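Novice: After the structure tokens below, expect a handful of questions from me.
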Amino acid sequence: MAYTIGSISARCRASVSYRRRMARWGVGGLLALFGAGLICVPRANLTPAALAAEAATYVRPANLVGSKVTVTLKAGGSLDDVEVIRVVEGEAAGSIRIVTVKDPSTSEALPLLASKIVSLSPGPGTVQYTFDDASKRLLPDDPEQRAQLQQELAKSAKGSAVSGGTGKTPAATHSHEKSGRAGSEHTTTREPRPKKKSPFDIPVREGTHVWPEQSEADSKKLLTEQKDYLKKVQANFPNRRFSFAETKFFIFLSDLPPADLQLYVPYMDAMYRRLISTFDLKPDTNIWLGKASVIIFADQEMFNEHETQMVHHNAPAWAQALAHLSSDGNVLISGHTTGSTRLYLAQSLVHETTHGFLWRYKTRVVIPLWVNEGFAEYIASAIVPDPHGTVAKEKLAIKKMLASSSMGGNFFDNTFNTEKYGVASNLTRYMITIDAKRYRIFLEGLKAGMEEEESLKNSYGVPRERLVQQYGRALGILNLQP
Ligand SMILES: [Zn+2]
């Protein structure tokens with residue numbers, strides 16, 4: 001089968017060896033959460049204000065633990081470059097009641113009440129905490145977050161002053177409402193309740209190409225053609241011994257020993273199951289035309305030969321794996337093992353196949369690069385836990401963002417370089433951690449043909465600029481620039 005390339009995507013080999021401890025802010029908590037999966041219980045409240053409040057909680061003082069800070073003391077003087085050992089938050093999450101640092105002279109734990117502190121600074125470009133007289137807590141300097149915390153703290157102070165007397169009111173109101181409804185039942189004929197519209201069902205915009213459904217017979221025919229293509233690849237390299245594998249949704253060809261090829265197979269099936277559940281599709285849904293083809297070459301030279309001779313495309317030297325997404329819907333993934341660990345190649349294959357899945361999901365819309373790459377990296381790291389792959393790229397990206405308060409200068413351009421992967425996947429992780437449901441609505445909107453800004457507003461209720469600001473604050477960066 002000839003593959004006409006509609007769009008092509010590559011995951012680079014540039015392996016990142018960043019072994020230093022995790023960047024000081026944010027990521028630890030975000031990483032801990034991502035295993036929970038993409039689909040979580042829908043939130044009751046989807047207003048932008050609720051989102052802003054929620055996003056603010058990601059600037060958690062707990063992220064200070066392990067980092068070096070400068071503490072300016074009310075008694076005069078300061079503790080410079082001391083390590084934070086423990087943080088006790090105030091009544092509002094995000095405020096600080098007690099911070100314990102390592103005493104520079106004795107190396108012992110030194111607990112400091114907020115009221116003893118003027119300010120606490122983790123370094124330039126990061127969120128500072130200063131003492132708030134009204135609440136007697138340390139609050140972040142960001143004016144918006146500060147005002148919000150002040151409000152919450154004032155409320156909780158008031159609440160504790162009057163607690164005890166208000167408990168019964170909500171229950172009483174509730175029972176009143178109940179009896180009111182029961183009364184109306186006698187006089188009205190009950191219509192069947194209209195089915196609530198799912199926020200994921202976004203009408204496809206006019207002019208958007210929806211992938212046609214394929215019949216069983218079509219699928220079989222295509223699969224035969226796809227297998228013929230693999231046979232041609234085999235014939236093209238007569239000196240190599242190939243092995244073949246097939247699962248419900250994939251066909252594989254490789255000149256690796258059969259046992260080695262088998263190592264990659266479960267990852268692809270796991271990725272497929274994951275995405276099927278992410279998008280609430282029936283487990284036996286076939287997103288592909290026929291099946292997705294995966295070719296793994298033992299070395300880069302053969303991989304390159306395949307690309308030039310059979311797909312008629314020159315693979316970039318840094319490509320570890322590629323996705324060939326044809327305009328008629330075919331998906332072919334190719335990769336090679338040169339210069340890569342098994343885990344890294346597995347991540348790369350899952351990454352590329354995620355592009356394939358997004359390509360085949362509902363419509364032919366190509367979603368913005370940063371979303372596509374970020375989601376592919378996120379899924380790859382969720383399926384293949386490689387400490388030197390996606391996670392390392394994210395750590396490096398965070399380190400750079402902390403140092404420069406910038407996502408690279410042109411993050412949202414429709415160009416991609418190796419540096420952008422870490423930022424894209426970390427931003428995606430942030431968006432999914434905040435609310436996986438919103439993230440899916442965001443993707444659904446894009447695939448339905450919405451512009452990025454429109455879909456972002458429809459899902460997260462914020463313009464892109466604000467998303468960047470909130471993301472920055474989650475990392476401890478006050479004014480993050482794209
Ligand atoms: Zn990619």
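Each chain in the structure tokens gets a letter, A, B, ..., in the order shown, and its residues are numbered from 1; ligands are numbered from 1 in order too.
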Which residues form the shell of 12 Å around ligand 1 when you count only C-alpha atoms and all ligand atoms, given as a PyMOL selection string?
Specialist: chain A and resi 7-13+319-325+333+347-359+367-380+390+415-418+420-422+424-425
Novice: Residues of range 253-283 of chain A within 9 Å of range 244-248 of chain A: nearest atom pair and distance (Å, one decimal) for each, counting only C-alpha atoms, sorted by chain and number, as JSON lines?
Specialist:
```
{"residue": "A:Leu253", "atom": "CA", "partner": "A:Phe244", "partner_atom": "CA", "distance": 4.7}
{"residue": "A:Ser254", "atom": "CA", "partner": "A:Phe244", "partner_atom": "CA", "distance": 6.6}
{"residue": "A:Asp255", "atom": "CA", "partner": "A:Phe244", "partner_atom": "CA", "distance": 8.9}
{"residue": "A:Pro258", "atom": "CA", "partner": "A:Phe244", "partner_atom": "CA", "distance": 7.7}
{"residue": "A:Leu261", "atom": "CA", "partner": "A:Ala245", "partner_atom": "CA", "distance": 8.0}
{"residue": "A:Gln262", "atom": "CA", "partner": "A:Ala245", "partner_atom": "CA", "distance": 7.7}
{"residue": "A:Val265", "atom": "CA", "partner": "A:Ala245", "partner_atom": "CA", "distance": 8.1}
{"residue": "A:Asp269", "atom": "CA", "partner": "A:Thr247", "partner_atom": "CA", "distance": 7.7}
```
Novice: Could those selected residues go to a file with C-alpha atoms, as an mmCIF file, in the first residue's frame?
Specialist:
```
data_model
loop_
_atom_site.group_PDB
_atom_site.id
_atom_site.type_symbol
_atom_site.label_atom_id
_atom_site.label_comp_id
_atom_site.auth_asym_id
_atom_site.auth_seq_id
_atom_site.Cartn_x
_atom_site.Cartn_y
_atom_site.Cartn_z
ATOM 1 C CA LEU A 253 6.899 -6.122 11.530
ATOM 2 C CA SER A 254 10.469 -6.134 12.738
ATOM 3 C CA ASP A 255 13.899 -7.497 11.983
ATOM 4 C CA PRO A 258 10.816 -12.268 17.654
ATOM 5 C CA LEU A 261 9.584 -7.504 19.025
ATOM 6 C CA GLN A 262 7.175 -8.978 21.557
ATOM 7 C CA VAL A 265 3.578 -5.164 21.631
ATOM 8 C CA ASP A 269 -2.207 -2.405 23.232
#
```
Novice: Go through A:Ile383, A:Asp299, A:Leu343, A:Ile287 one by one, measure the shortest atom-to-atom distance of each to Met271 in chain A using only C-alpha atoms, and give the residue with the smallest value.
Specialist: A:Ile383
Novice: Would you work out the distance separating CA of Val99 in chain A from CA of Ala114 in chain A, expressed in Å to one decimal?
Specialist: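 That distance, rounded to one decimal, is 7.2 Å.
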Novice: Quick one, how far is CA of His313 in chain A from CA of Ser326 in chain A?
Specialist: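 Separation between CA of His313 in chain A and CA of Ser326 in chain A: 12.9 Å.
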Novice: May I ask which of the residues A:Val69, A:Val118, A:Gly76, A:Ala292 is the closest one to Thr100 in chain A, counting only C-alpha atoms?
Specialist: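 Once distances to Thr100 in chain A are computed over only C-alpha atoms, the minimum belongs to A:Val69.
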Novice: Run DSSP on the backbone and give me the residues of range 75-153 of chain A it puts in alpha helix (DSSP H), as number ranges by chain.
Specialist: A: 143-153
Novice: Just asking: which residues within range 141-364 of chain A are strand (DSSP E) according to DSSP, as a ChimeraX atom specification?
Specialist: /A:243-246,250-254,292-297,319-326,331-336
Novice: Select, from A:Asp201, A:Met431, A:Ala270, A:Thr363, the residue with the minimum atom-to-atom distance to Tyr471 in chain A, counting only C-alpha atoms.
Specialist: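 Going through A:Asp201, A:Met431, A:Ala270, A:Thr363 one by one, the smallest distance to Tyr471 in chain A is for A:Met431.
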Novice: My list of candidates is A:Ser459, A:Asn304, A:Gln481, A:Gln309. Which is closest to His336 in chain A when distances are computed with only C-alpha atoms?
Specialist: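 Nearest candidate to His336 in chain A out of A:Ser459, A:Asn304, A:Gln481, A:Gln309: A:Asn304.
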Novice: CA of Ala346 in chain A and CA of Tyr267 in chain A, how far apart in Å?
Specialist: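 Rounded to one decimal, the two atoms are 7.0 Å apart.
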Novice: Tell me, as an NGL selection string, which residues lie within 12 Å of range 224-229 of chain A, counting only C-alpha atoms; anything in the same chain fewer than 5 positions away does not count.
Specialist: :A and (1-3 or 217-219 or 234-236 or 244-246 or 250-253 or 288-295 or 306 or 310-311 or 330-332)
Novice: Pick the closest to Val204 in chain A from A:Gly461, A:Arg364, A:Glu307, A:Arg473: which is it, counting only C-alpha atoms?
Specialist: A:Arg364
